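Colleague: My structure file start39.cif, mmCIF, C-alpha atoms, is below:
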data_input
#
loop_
_atom_site.group_PDB
_atom_site.id
_atom_site.type_symbol
_atom_site.label_atom_id
_atom_site.label_comp_id
_atom_site.auth_asym_id
_atom_site.auth_seq_id
_atom_site.Cartn_x
_atom_site.Cartn_y
_atom_site.Cartn_z
ATOM 1 C CA MET A 1 -50.557 10.403 13.752
ATOM 2 C CA SER A 2 -48.035 11.143 16.493
ATOM 3 C CA GLN A 3 -44.522 9.622 16.475
ATOM 4 C CA ILE A 4 -41.758 9.344 19.070
ATOM 5 C CA PRO A 5 -39.073 11.493 17.421
ATOM 6 C CA SER A 6 -36.649 11.653 20.357
ATOM 7 C CA LEU A 7 -36.309 7.852 20.432
ATOM 8 C CA ILE A 8 -35.723 7.759 16.689
ATOM 9 C CA ASN A 9 -33.092 10.470 16.959
ATOM 10 C CA ASN A 10 -31.363 8.570 19.735
ATOM 11 C CA ALA A 11 -31.337 5.470 17.561
ATOM 12 C CA THR A 12 -29.849 7.385 14.633
ATOM 13 C CA LYS A 13 -27.106 8.853 16.802
ATOM 14 C CA SER A 14 -26.264 5.484 18.330
ATOM 15 C CA THR A 15 -25.735 3.832 14.930
ATOM 16 C CA SER A 16 -23.218 6.507 13.914
ATOM 17 C CA GLN A 17 -20.921 5.811 16.867
ATOM 18 C CA PRO A 18 -17.715 3.796 16.288
ATOM 19 C CA PHE A 19 -17.438 0.198 17.400
ATOM 20 C CA GLY A 20 -16.823 -0.039 21.129
ATOM 21 C CA ALA A 21 -18.553 3.268 21.878
ATOM 22 C CA HIS A 22 -21.543 3.457 24.201
ATOM 23 C CA ASN A 23 -24.675 2.319 22.321
ATOM 24 C CA THR A 24 -27.551 4.284 23.835
ATOM 25 C CA LEU A 25 -30.386 2.191 22.474
ATOM 26 C CA ASN A 26 -29.222 -1.324 23.236
ATOM 27 C CA ASP A 27 -27.694 -0.378 26.585
ATOM 28 C CA LEU A 28 -30.819 1.521 27.669
ATOM 29 C CA ASP A 29 -32.163 0.464 31.051
ATOM 30 C CA LEU A 30 -35.803 -0.731 30.900
ATOM 31 C CA ASP A 31 -36.995 1.821 33.510
ATOM 32 C CA VAL A 32 -35.352 4.672 31.630
ATOM 33 C CA PHE A 33 -36.815 3.425 28.358
ATOM 34 C CA LEU A 34 -40.314 3.338 29.854
ATOM 35 C CA LYS A 35 -39.952 6.827 31.317
ATOM 36 C CA LEU A 36 -38.952 8.191 27.914
ATOM 37 C CA MET A 37 -41.870 6.439 26.264
ATOM 38 C CA ILE A 38 -44.352 7.748 28.849
ATOM 39 C CA LYS A 39 -43.037 11.278 28.389
ATOM 40 C CA GLN A 40 -43.549 10.990 24.640
ATOM 41 C CA MET A 41 -47.044 9.620 25.116
ATOM 42 C CA GLN A 42 -47.918 12.503 27.412
ATOM 43 C CA SER A 43 -46.968 15.016 24.740
ATOM 44 C CA GLN A 44 -48.874 13.368 21.888
ATOM 45 C CA ASP A 45 -52.252 14.524 20.596
ATOM 46 C CA PRO A 46 -54.854 12.972 22.938
ATOM 47 C CA LEU A 47 -57.428 13.023 20.112
ATOM 48 C CA ASN A 48 -55.136 11.107 17.812
ATOM 49 C CA PRO A 49 -52.905 8.873 19.937
ATOM 50 C CA MET A 50 -50.529 6.225 18.648
ATOM 51 C CA ASP A 51 -52.134 2.782 18.649
ATOM 52 C CA ASN A 52 -50.449 -0.263 20.177
ATOM 53 C CA ASP A 53 -49.411 -1.817 16.859
ATOM 54 C CA GLN A 54 -47.619 1.348 15.785
ATOM 55 C CA MET A 55 -45.848 1.651 19.100
ATOM 56 C CA LEU A 56 -44.645 -1.965 19.032
ATOM 57 C CA ASN A 57 -43.566 -1.605 15.401
ATOM 58 C CA GLN A 58 -41.408 1.447 16.178
ATOM 59 C CA ILE A 59 -39.826 -0.223 19.183
ATOM 60 C CA SER A 60 -39.015 -3.259 17.034
ATOM 61 C CA GLN A 61 -37.478 -1.070 14.334
ATOM 62 C CA LEU A 62 -35.315 0.775 16.850
ATOM 63 C CA ARG A 63 -34.076 -2.487 18.342
ATOM 64 C CA SER A 64 -33.299 -3.798 14.852
ATOM 65 C CA ILE A 65 -31.281 -0.683 13.964
ATOM 66 C CA GLY A 66 -29.145 -1.050 17.081
ATOM 67 C CA ALA A 67 -28.634 -4.782 16.565
ATOM 68 C CA THR A 68 -27.602 -4.316 12.910
ATOM 69 C CA ASP A 69 -25.083 -1.650 13.886
ATOM 70 C CA LYS A 70 -23.476 -3.915 16.468
ATOM 71 C CA LEU A 71 -23.475 -6.880 14.087
ATOM 72 C CA THR A 72 -21.755 -4.855 11.343
ATOM 73 C CA SER A 73 -19.099 -3.603 13.765
ATOM 74 C CA THR A 74 -18.516 -7.118 15.059
ATOM 75 C CA LEU A 75 -18.115 -8.519 11.536
ATOM 76 C CA ASP A 76 -15.679 -5.711 10.634
ATOM 77 C CA SER A 77 -13.600 -6.560 13.705
ATOM 78 C CA VAL A 78 -13.599 -10.260 12.848
ATOM 79 C CA LEU A 79 -12.516 -9.492 9.255
ATOM 80 C CA LEU A 80 -9.706 -7.220 10.464
ATOM 81 C CA GLY A 81 -8.489 -9.904 12.847
ATOM 82 C CA GLN A 82 -8.520 -12.498 10.067
ATOM 83 C CA ASN A 83 -6.592 -10.195 7.705
ATOM 84 C CA ILE A 84 -4.019 -9.388 10.390
ATOM 85 C CA SER A 85 -3.522 -13.109 11.020
ATOM 86 C CA SER A 86 -3.112 -13.794 7.292
ATOM 87 C CA SER A 87 -0.701 -10.866 6.899
ATOM 88 C CA THR A 88 1.547 -11.756 9.829
ATOM 89 C CA GLY A 89 1.690 -15.298 8.464
ATOM 90 C CA LEU A 90 3.499 -13.886 5.412
ATOM 91 C CA ILE A 91 6.390 -12.395 7.395
ATOM 92 C CA GLY A 92 9.621 -13.992 6.155
ATOM 93 C CA LYS A 93 8.004 -15.255 2.949
ATOM 94 C CA ASP A 94 8.626 -14.045 -0.585
ATOM 95 C CA VAL A 95 5.686 -12.495 -2.392
ATOM 96 C CA LYS A 96 4.919 -11.117 -5.814
ATOM 97 C CA ALA A 97 2.493 -8.231 -5.720
ATOM 98 C CA ILE A 98 1.509 -4.740 -6.800
ATOM 99 C CA SER A 99 2.492 -2.128 -4.242
ATOM 100 C CA ASP A 100 0.239 0.664 -2.999
ATOM 101 C CA ASP A 101 2.086 3.076 -5.325
ATOM 102 C CA ASN A 102 1.239 0.757 -8.250
ATOM 103 C CA GLN A 103 4.699 -0.761 -8.712
ATOM 104 C CA PRO A 104 5.386 -4.449 -9.442
ATOM 105 C CA VAL A 105 7.330 -5.850 -6.508
ATOM 106 C CA ALA A 106 8.892 -9.168 -5.569
ATOM 107 C CA GLY A 107 10.677 -9.814 -2.296
ATOM 108 C CA THR A 108 10.524 -10.817 1.343
ATOM 109 C CA VAL A 109 7.905 -9.436 3.728
ATOM 110 C CA THR A 110 9.809 -7.954 6.671
ATOM 111 C CA ARG A 111 6.941 -6.749 8.874
ATOM 112 C CA VAL A 112 3.238 -5.839 9.014
ATOM 113 C CA THR A 113 1.718 -2.516 10.039
ATOM 114 C CA ILE A 114 -1.879 -1.349 10.514
ATOM 115 C CA GLU A 115 -2.847 1.758 8.543
ATOM 116 C CA ASP A 116 -6.379 3.181 8.460
ATOM 117 C CA GLY A 117 -7.666 -0.020 10.045
ATOM 118 C CA LYS A 118 -6.080 -2.280 7.405
ATOM 119 C CA PRO A 119 -2.940 -4.448 7.540
ATOM 120 C CA LYS A 120 -0.074 -3.503 5.222
ATOM 121 C CA LEU A 121 2.782 -5.790 4.223
ATOM 122 C CA GLN A 122 6.115 -3.982 4.417
ATOM 123 C CA LEU A 123 8.970 -4.954 2.079
ATOM 124 C CA ASP A 124 12.404 -3.312 2.459
ATOM 125 C CA LEU A 125 14.278 -4.249 -0.699
ATOM 126 C CA ASN A 126 17.816 -3.472 -1.845
ATOM 127 C CA MET A 127 18.245 -1.936 -5.257
ATOM 128 C CA LYS A 128 19.673 -4.498 -7.664
ATOM 129 C CA ALA A 129 20.364 -5.210 -11.322
ATOM 130 C CA GLU A 130 20.225 -8.620 -12.983
ATOM 131 C CA PRO A 131 20.936 -9.966 -16.479
ATOM 132 C CA SER A 132 17.732 -10.755 -18.354
ATOM 133 C CA ILE A 133 16.733 -12.917 -21.314
ATOM 134 C CA GLU A 134 14.224 -10.255 -22.387
ATOM 135 C CA LYS A 135 14.919 -9.193 -25.965
ATOM 136 C CA GLY A 136 17.484 -6.411 -26.286
ATOM 137 C CA ASP A 137 20.836 -5.343 -27.713
ATOM 138 C CA VAL A 138 23.016 -5.572 -24.606
ATOM 139 C CA GLY A 139 26.162 -7.530 -25.516
ATOM 140 C CA LYS A 140 28.139 -10.066 -23.528
ATOM 141 C CA GLY A 141 30.334 -8.543 -20.862
ATOM 142 C CA LYS A 142 30.291 -6.756 -17.524
ATOM 143 C CA TYR A 143 28.433 -3.489 -16.949
ATOM 144 C CA GLY A 144 28.569 -0.818 -14.246
ATOM 145 C CA TYR A 145 25.708 1.578 -13.483
ATOM 146 C CA ARG A 146 25.200 4.966 -11.866
ATOM 147 C CA ILE A 147 21.707 6.205 -11.061
ATOM 148 C CA VAL A 148 21.679 9.874 -10.039
ATOM 149 C CA TRP A 149 19.084 12.547 -9.212
ATOM 150 C CA GLN A 150 18.774 15.975 -7.644
ATOM 151 C CA GLY A 151 18.169 15.759 -3.887
ATOM 152 C CA ASP A 152 15.804 17.944 -1.858
ATOM 153 C CA ASP A 153 18.746 20.007 -0.610
ATOM 154 C CA GLY A 154 20.063 20.599 -4.122
ATOM 155 C CA THR A 155 22.915 18.103 -3.880
ATOM 156 C CA LEU A 156 23.418 15.362 -6.452
ATOM 157 C CA GLN A 157 22.378 12.017 -4.958
ATOM 158 C CA GLY A 158 23.007 8.597 -6.413
ATOM 159 C CA VAL A 159 23.650 4.876 -6.323
ATOM 160 C CA GLU A 160 26.500 3.052 -8.026
ATOM 161 C CA LEU A 161 26.772 -0.579 -9.074
ATOM 162 C CA ALA A 162 30.384 -1.252 -9.980
ATOM 163 C CA GLY A 163 33.247 -3.618 -9.247
ATOM 164 C CA ASP A 164 31.843 -6.696 -7.514
ATOM 165 C CA GLN A 165 28.347 -5.286 -8.028
ATOM 166 C CA ALA A 166 28.735 -4.895 -11.794
ATOM 167 C CA ILE A 167 26.334 -6.981 -13.876
ATOM 168 C CA ASP A 168 27.796 -9.858 -15.865
ATOM 169 C CA THR A 169 25.810 -10.927 -18.946
ATOM 170 C CA THR A 170 28.263 -13.662 -19.953
ATOM 171 C CA SER A 171 26.722 -17.115 -19.670
ATOM 172 C CA SER A 172 27.083 -20.479 -21.397
ATOM 173 C CA VAL A 173 23.542 -21.396 -20.392
ATOM 174 C CA SER A 174 21.362 -18.304 -20.831
ATOM 175 C CA ASN A 175 21.207 -15.908 -23.760
ATOM 176 C CA TYR A 176 21.155 -12.644 -21.847
ATOM 177 C CA GLN A 177 20.176 -9.683 -24.028
ATOM 178 C CA SER A 178 19.182 -7.022 -21.500
ATOM 179 C CA ILE A 179 19.612 -5.943 -17.882
ATOM 180 C CA GLN A 180 16.749 -5.499 -15.394
ATOM 181 C CA LEU A 181 17.114 -2.824 -12.689
ATOM 182 C CA ARG A 182 14.775 -3.227 -9.712
ATOM 183 C CA ASN A 183 13.832 -1.378 -6.508
ATOM 184 C CA LEU A 184 15.029 1.997 -7.716
ATOM 185 C CA PRO A 185 14.728 4.643 -4.975
ATOM 186 C CA VAL A 186 11.785 7.022 -4.750
ATOM 187 C CA THR A 187 12.853 10.529 -5.820
ATOM 188 C CA LYS A 188 11.126 13.879 -6.149
ATOM 189 C CA SER A 189 13.049 14.647 -9.322
ATOM 190 C CA ALA A 190 13.843 12.648 -12.452
ATOM 191 C CA LYS A 191 16.366 9.817 -12.236
ATOM 192 C CA GLN A 192 19.164 9.530 -14.802
ATOM 193 C CA ILE A 193 20.679 6.121 -15.540
ATOM 194 C CA TYR A 194 24.269 5.939 -16.796
ATOM 195 C CA ARG A 195 26.148 2.796 -17.838
ATOM 196 C CA THR A 196 29.650 1.695 -18.813
ATOM 197 C CA ASP A 197 30.425 -0.335 -21.920
ATOM 198 C CA ASN A 198 30.843 -4.119 -21.742
ATOM 199 C CA SER A 199 34.312 -3.769 -20.223
ATOM 200 C CA GLY A 200 32.763 -2.662 -16.946
ATOM 201 C CA SER A 201 34.987 0.408 -16.869
ATOM 202 C CA GLY A 202 35.413 3.615 -18.823
ATOM 203 C CA ASP A 203 32.926 6.436 -19.135
ATOM 204 C CA TYR A 204 29.449 6.243 -17.643
ATOM 205 C CA ARG A 205 27.206 7.392 -20.489
ATOM 206 C CA LEU A 206 23.501 8.227 -20.315
ATOM 207 C CA VAL A 207 21.138 5.365 -21.122
ATOM 208 C CA THR A 208 17.819 6.965 -20.146
ATOM 209 C CA THR A 209 16.056 9.515 -17.965
ATOM 210 C CA ILE A 210 13.115 8.374 -15.835
ATOM 211 C CA PRO A 211 10.814 11.372 -15.210
ATOM 212 C CA ASP A 212 8.552 9.510 -12.753
ATOM 213 C CA GLY A 213 10.336 9.559 -9.399
ATOM 214 C CA SER A 214 8.216 6.681 -8.090
ATOM 215 C CA GLN A 215 9.116 4.266 -10.898
ATOM 216 C CA SER A 216 10.901 1.323 -9.318
ATOM 217 C CA SER A 217 12.199 -0.669 -12.294
ATOM 218 C CA TYR A 218 13.807 -0.252 -15.692
ATOM 219 C CA LEU A 219 14.754 -2.755 -18.404
ATOM 220 C CA ASP A 220 17.976 -1.703 -20.152
ATOM 221 C CA THR A 221 18.091 -3.020 -23.721
ATOM 222 C CA SER A 222 20.597 -0.521 -25.187
ATOM 223 C CA ALA A 223 23.724 -1.531 -27.076
ATOM 224 C CA ASP A 224 26.953 0.249 -26.127
ATOM 225 C CA ASN A 225 26.864 2.450 -29.227
ATOM 226 C CA ALA A 226 23.234 3.432 -28.531
ATOM 227 C CA ARG A 227 24.156 5.264 -25.339
ATOM 228 C CA SER A 228 24.093 9.061 -25.293
ATOM 229 C CA GLU A 229 27.282 11.108 -25.468
ATOM 230 C CA THR A 230 26.251 12.694 -22.150
ATOM 231 C CA ARG A 231 28.640 11.497 -19.452
ATOM 232 C CA GLN A 232 28.306 11.324 -15.677
ATOM 233 C CA THR A 233 31.392 13.007 -14.226
ATOM 234 C CA LEU A 234 30.122 15.047 -11.275
ATOM 235 C CA PRO A 235 30.598 13.718 -7.717
ATOM 236 C CA PHE A 236 27.428 12.610 -5.943
ATOM 237 C CA VAL A 237 26.346 11.586 -2.445
ATOM 238 C CA LYS A 238 26.131 7.815 -1.989
ATOM 239 C CA SER A 239 23.848 7.373 1.021
ATOM 240 C CA PRO A 240 23.135 3.778 2.163
ATOM 241 C CA SER A 241 19.471 4.728 2.549
ATOM 242 C CA ASN A 242 19.296 5.324 -1.207
ATOM 243 C CA GLN A 243 19.984 1.640 -1.819
ATOM 244 C CA VAL A 244 16.925 0.387 0.097
ATOM 245 C CA ARG A 245 13.356 0.995 -0.991
ATOM 246 C CA ASN A 246 10.303 0.396 1.161
ATOM 247 C CA PHE A 247 7.163 -0.948 -0.482
ATOM 248 C CA LYS A 248 3.711 -1.119 1.121
ATOM 249 C CA VAL A 249 1.429 -3.865 -0.137
ATOM 250 C CA SER A 250 -2.243 -4.546 0.572
ATOM 251 C CA LEU A 251 -3.072 -8.195 1.203
ATOM 252 C CA SER A 252 -5.533 -8.231 -1.700
ATOM 253 C CA ASN A 253 -2.760 -7.221 -4.140
ATOM 254 C CA VAL A 254 -0.549 -10.259 -3.477
ATOM 255 C CA SER A 255 -0.504 -12.545 -6.525
ATOM 256 C CA GLU A 256 1.966 -15.213 -5.419
ATOM 257 C CA VAL A 257 3.555 -16.469 -2.186
ATOM 258 C CA VAL A 258 6.759 -18.525 -1.917
ATOM 259 C CA ASP A 259 7.646 -20.147 1.409
ATOM 260 C CA HIS A 260 11.334 -21.107 1.283
ATOM 261 C CA GLY A 261 11.050 -22.751 4.670
ATOM 262 C CA ALA A 262 8.487 -25.274 3.481
#
Write the structure described by the file as structure tokens, please.
Modeller:
Amino acid sequence: MSQIPSLINNATKSTSQPFGAHNTLNDLDLDVFLKLMIKQMQSQDPLNPMDNDQMLNQISQLRSIGATDKLTSTLDSVLLGQNISSSTGLIGKDVKAISDDNQPVAGTVTRVTIEDGKPKLQLDLNMKAEPSIEKGDVGKGKYGYRIVWQGDDGTLQGVELAGDQAIDTTSSVSNYQSIQLRNLPVTKSAKQIYRTDNSGSGDYRLVTTIPDGSQSSYLDTSADNARSETRQTLPFVKSPSNQVRNFKVSLSNVSEVVDHGA
């Protein structure tokens, strides 16, 4: 039995258009629609014409396709708006989450961007090191660090935590046994971590090499005598940009929110 293929094709094309584009089927003027239908009827087999029930059924199906397409687009827009509202509400708040590059992150949301139609929380966090109660062999004292790597231009790049930024593990309250380094910069080459002894001065000796340039944290549990004999003596470029790491976080990957203003 004859069909009306051109109307079906138009319907298929209209459902593939992005939200906000011209929807041929639902915006079709009644006169134009009737003219198209009459033209199709004129070209059908006169000995085997489409009956009224079939015609009405196809028209109903075409209308349903167009309506479903618009409904889906509308719901997607509503969901995006809701997610943007939820995301912007987190600006200035501290979150714990997993970043888009699969790194554990904790810090303040500085801004929100839209990428590929989805909101992204942006966290710009300074590299830091803190004493930790996690089990380890780090003794009481003050420790300086140098984290270095080979830059894209071949120069030695790095970050130094020394002097006022050295990490003090001496405490009458907490039994610090290790040191947690966080927000390490993203590098294209391996990062090498060097550390002083518990005097906070002296030679910077190799503690570990991190082959994954995207790794953002490291827990140092090494005693002074467990450090390598390899020493960091070469000069390196200390760019301020190396001390800040940007993390992108999807809203669904936030595990905890802390509002200090509450």
Colleague: Applied to the shown file, which residues does the PyMOL selection byres ((chain A and resi 238) around 9) return, written as a list in words?
Modeller: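 Output from the PyMOL selection byres ((chain A and resi 238) around 9), applied to this file: Gln157, Gly158, Val159, Glu160, Phe236, Val237, Ser239, Pro240, Ser241, Asn242 and Gln243 of chain A.
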Colleague: Given the file shown, enumerate the residues that the PyMOL selection byres ((chain A and resi 186) around 8) captures and present them as a list in words.
Modeller: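 So the PyMOL selection byres ((chain A and resi 186) around 8), applied here, picks out Leu184, Pro185, Thr187, Lys188, Gly213, Ser214, Gln215, Ser216 and Arg245 of chain A.
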Colleague: Mind pulling up the distance from atom CA of A:Pro131 to atom CA of A:Arg182?
Modeller: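 Result for atom CA of A:Arg182 versus atom CA of A:Pro131: 11.4 Å, one decimal.
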Colleague: Quick one: everything within 9 Å of stretch 169-180 of chain A, counting only C-alpha atoms, minus sequence neighbours fewer than 6 positions away in the same chain. Send it as an MDAnalysis selection string.
Modeller: chainID A and resid 128:143 198 217:222
Colleague: Taking the file as shown, what set of residues would the PyMOL selection byres ((chain A and resi 227-231) around 6) give back, as a list in words?
Modeller: Tyr204, Arg205, Leu206, Val207, Asp224, Asn225, Ala226 and Gln232 of chain A
Colleague: Please produce a file of the residues just selected, as a PDB file, keeping the file's coordinate frame, where the atoms kept are C-alpha atoms.
Modeller:
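Output file part37.pdb follows:
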ATOM      1  CA  TYR A 204      29.449   6.243 -17.643  1.00  0.00           C
ATOM      2  CA  ARG A 205      27.206   7.392 -20.489  1.00  0.00           C
ATOM      3  CA  LEU A 206      23.501   8.227 -20.315  1.00  0.00           C
ATOM      4  CA  VAL A 207      21.138   5.365 -21.122  1.00  0.00           C
ATOM      5  CA  ASP A 224      26.953   0.249 -26.127  1.00  0.00           C
ATOM      6  CA  ASN A 225      26.864   2.450 -29.227  1.00  0.00           C
ATOM      7  CA  ALA A 226      23.234   3.432 -28.531  1.00  0.00           C
ATOM      8  CA  GLN A 232      28.306  11.324 -15.677  1.00  0.00           C
TER       9      GLN A 232
END
Colleague: At what distance in Å, to one decimal, does atom CA of A:Asp152 lie from atom CA of A:Ser189?
Modeller: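 Rounded to one decimal, the two atoms are 8.6 Å apart.
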Colleague: Name the closest residue to A:Thr208 among the candidates A:Val244, A:Ile193, A:Ala223, A:Leu90; distances are taken between atoms, counting all atoms listed in the file.
Modeller: A:Ile193
Colleague: Tell me, in Å to one decimal, how far atom CA of A:Asp101 is from atom CA of A:Gly144.
Modeller: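 So the two atoms, atom CA of A:Asp101 and atom CA of A:Gly144, lie 28.2 Å apart.
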Colleague: Give the answer as one residue: which of A:Gly200, A:Pro104, A:Gly154, A:Gly117 has the shortest atom-to-atom distance to A:Phe247, using only C-alpha atoms?
Modeller: A:Pro104
Colleague: May I have the residues at most 9 Å from (-4.0, -8.8, 10.8) in the file's coordinates, counting only C-alpha atoms, as a PDB file with C-alpha atoms, in the coordinates of the input?
Modeller:
ATOM      1  CA  LEU A  79     -12.516  -9.492   9.255  1.00  0.00           C
ATOM      2  CA  LEU A  80      -9.706  -7.220  10.464  1.00  0.00           C
ATOM      3  CA  GLY A  81      -8.489  -9.904  12.847  1.00  0.00           C
ATOM      4  CA  GLN A  82      -8.520 -12.498  10.067  1.00  0.00           C
ATOM      5  CA  ASN A  83      -6.592 -10.195   7.705  1.00  0.00           C
ATOM      6  CA  ILE A  84      -4.019  -9.388  10.390  1.00  0.00           C
ATOM      7  CA  SER A  85      -3.522 -13.109  11.020  1.00  0.00           C
ATOM      8  CA  SER A  86      -3.112 -13.794   7.292  1.00  0.00           C
ATOM      9  CA  SER A  87      -0.701 -10.866   6.899  1.00  0.00           C
ATOM     10  CA  THR A  88       1.547 -11.756   9.829  1.00  0.00           C
ATOM     11  CA  GLY A  89       1.690 -15.298   8.464  1.00  0.00           C
ATOM     12  CA  VAL A 112       3.238  -5.839   9.014  1.00  0.00           C
ATOM     13  CA  THR A 113       1.718  -2.516  10.039  1.00  0.00           C
ATOM     14  CA  ILE A 114      -1.879  -1.349  10.514  1.00  0.00           C
ATOM     15  CA  LYS A 118      -6.080  -2.280   7.405  1.00  0.00           C
ATOM     16  CA  PRO A 119      -2.940  -4.448   7.540  1.00  0.00           C
ATOM     17  CA  LYS A 120      -0.074  -3.503   5.222  1.00  0.00           C
TER      18      LYS A 120
END
Colleague: Nearest to A:Thr110 among A:Val249, A:Ile98, A:Ala166, A:Leu123, with distances taken over only C-alpha atoms: which residue is it?
Modeller: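 Of A:Val249, A:Ile98, A:Ala166, A:Leu123, the one nearest A:Thr110, counting only C-alpha atoms, is A:Leu123.
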Colleague: Since the input is missing atoms for stretch 194-201 of chain A, could you rebuild it with all heavy atoms and give the result as a PDB file, keeping the file's coordinate frame?
Modeller:
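Final output, out.pdb:
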ATOM      1  N   TYR A 194      23.043   5.969 -15.989  1.00  0.00           N
ATOM      2  CA  TYR A 194      24.269   5.939 -16.796  1.00  0.00           C
ATOM      3  C   TYR A 194      24.866   4.534 -16.725  1.00  0.00           C
ATOM      4  O   TYR A 194      24.728   3.845 -15.709  1.00  0.00           O
ATOM      5  CB  TYR A 194      25.290   6.955 -16.281  1.00  0.00           C
ATOM      6  CG  TYR A 194      24.857   8.405 -16.392  1.00  0.00           C
ATOM      7  CD1 TYR A 194      24.055   8.993 -15.418  1.00  0.00           C
ATOM      8  CD2 TYR A 194      25.272   9.193 -17.467  1.00  0.00           C
ATOM      9  CE1 TYR A 194      23.667  10.324 -15.516  1.00  0.00           C
ATOM     10  CE2 TYR A 194      24.891  10.529 -17.568  1.00  0.00           C
ATOM     11  CZ  TYR A 194      24.091  11.090 -16.592  1.00  0.00           C
ATOM     12  OH  TYR A 194      23.713  12.407 -16.689  1.00  0.00           O
ATOM     13  N   ARG A 195      25.588   4.145 -17.784  1.00  0.00           N
ATOM     14  CA  ARG A 195      26.148   2.796 -17.838  1.00  0.00           C
ATOM     15  C   ARG A 195      27.502   2.795 -18.543  1.00  0.00           C
ATOM     16  O   ARG A 195      27.733   3.593 -19.461  1.00  0.00           O
ATOM     17  CB  ARG A 195      25.192   1.874 -18.598  1.00  0.00           C
ATOM     18  CG  ARG A 195      25.447   0.394 -18.419  1.00  0.00           C
ATOM     19  CD  ARG A 195      24.673  -0.413 -19.438  1.00  0.00           C
ATOM     20  NE  ARG A 195      25.316  -0.380 -20.747  1.00  0.00           N
ATOM     21  CZ  ARG A 195      24.701  -0.633 -21.908  1.00  0.00           C
ATOM     22  NH1 ARG A 195      23.402  -0.923 -21.911  1.00  0.00           N
ATOM     23  NH2 ARG A 195      25.363  -0.584 -23.051  1.00  0.00           N
ATOM     24  N   THR A 196      28.373   1.886 -18.133  1.00  0.00           N
ATOM     25  CA  THR A 196      29.650   1.695 -18.813  1.00  0.00           C
ATOM     26  C   THR A 196      29.429   0.850 -20.066  1.00  0.00           C
ATOM     27  O   THR A 196      28.328   0.345 -20.313  1.00  0.00           O
ATOM     28  CB  THR A 196      30.666   0.978 -17.911  1.00  0.00           C
ATOM     29  OG1 THR A 196      30.204  -0.365 -17.667  1.00  0.00           O
ATOM     30  CG2 THR A 196      30.826   1.697 -16.573  1.00  0.00           C
ATOM     31  N   ASP A 197      30.499   0.619 -20.824  1.00  0.00           N
ATOM     32  CA  ASP A 197      30.425  -0.335 -21.920  1.00  0.00           C
ATOM     33  C   ASP A 197      30.638  -1.736 -21.353  1.00  0.00           C
ATOM     34  O   ASP A 197      30.685  -1.927 -20.128  1.00  0.00           O
ATOM     35  CB  ASP A 197      31.448  -0.005 -23.015  1.00  0.00           C
ATOM     36  CG  ASP A 197      32.885  -0.005 -22.490  1.00  0.00           C
ATOM     37  OD1 ASP A 197      33.141  -0.596 -21.412  1.00  0.00           O
ATOM     38  OD2 ASP A 197      33.751   0.580 -23.161  1.00  0.00           O
ATOM     39  N   ASN A 198      30.775  -2.735 -22.223  1.00  0.00           N
ATOM     40  CA  ASN A 198      30.843  -4.119 -21.742  1.00  0.00           C
ATOM     41  C   ASN A 198      32.167  -4.496 -21.086  1.00  0.00           C
ATOM     42  O   ASN A 198      32.361  -5.644 -20.684  1.00  0.00           O
ATOM     43  CB  ASN A 198      30.527  -5.096 -22.873  1.00  0.00           C
ATOM     44  CG  ASN A 198      31.547  -5.034 -24.000  1.00  0.00           C
ATOM     45  OD1 ASN A 198      32.483  -4.218 -23.971  1.00  0.00           O
ATOM     46  ND2 ASN A 198      31.360  -5.881 -25.002  1.00  0.00           N
ATOM     47  N   SER A 199      33.064  -3.504 -20.954  1.00  0.00           N
ATOM     48  CA  SER A 199      34.312  -3.769 -20.223  1.00  0.00           C
ATOM     49  C   SER A 199      34.128  -3.568 -18.729  1.00  0.00           C
ATOM     50  O   SER A 199      34.969  -3.976 -17.926  1.00  0.00           O
ATOM     51  CB  SER A 199      35.421  -2.838 -20.742  1.00  0.00           C
ATOM     52  OG  SER A 199      35.156  -1.490 -20.358  1.00  0.00           O
ATOM     53  N   GLY A 200      33.028  -2.935 -18.354  1.00  0.00           N
ATOM     54  CA  GLY A 200      32.763  -2.662 -16.946  1.00  0.00           C
ATOM     55  C   GLY A 200      33.504  -1.452 -16.419  1.00  0.00           C
ATOM     56  O   GLY A 200      33.429  -1.137 -15.231  1.00  0.00           O
ATOM     57  N   SER A 201      34.232  -0.774 -17.280  1.00  0.00           N
ATOM     58  CA  SER A 201      34.987   0.408 -16.869  1.00  0.00           C
ATOM     59  C   SER A 201      34.780   1.488 -17.928  1.00  0.00           C
ATOM     60  O   SER A 201      33.939   1.365 -18.814  1.00  0.00           O
ATOM     61  CB  SER A 201      36.468   0.073 -16.714  1.00  0.00           C
ATOM     62  OG  SER A 201      36.991  -0.425 -17.932  1.00  0.00           O
TER      63      SER A 201
END
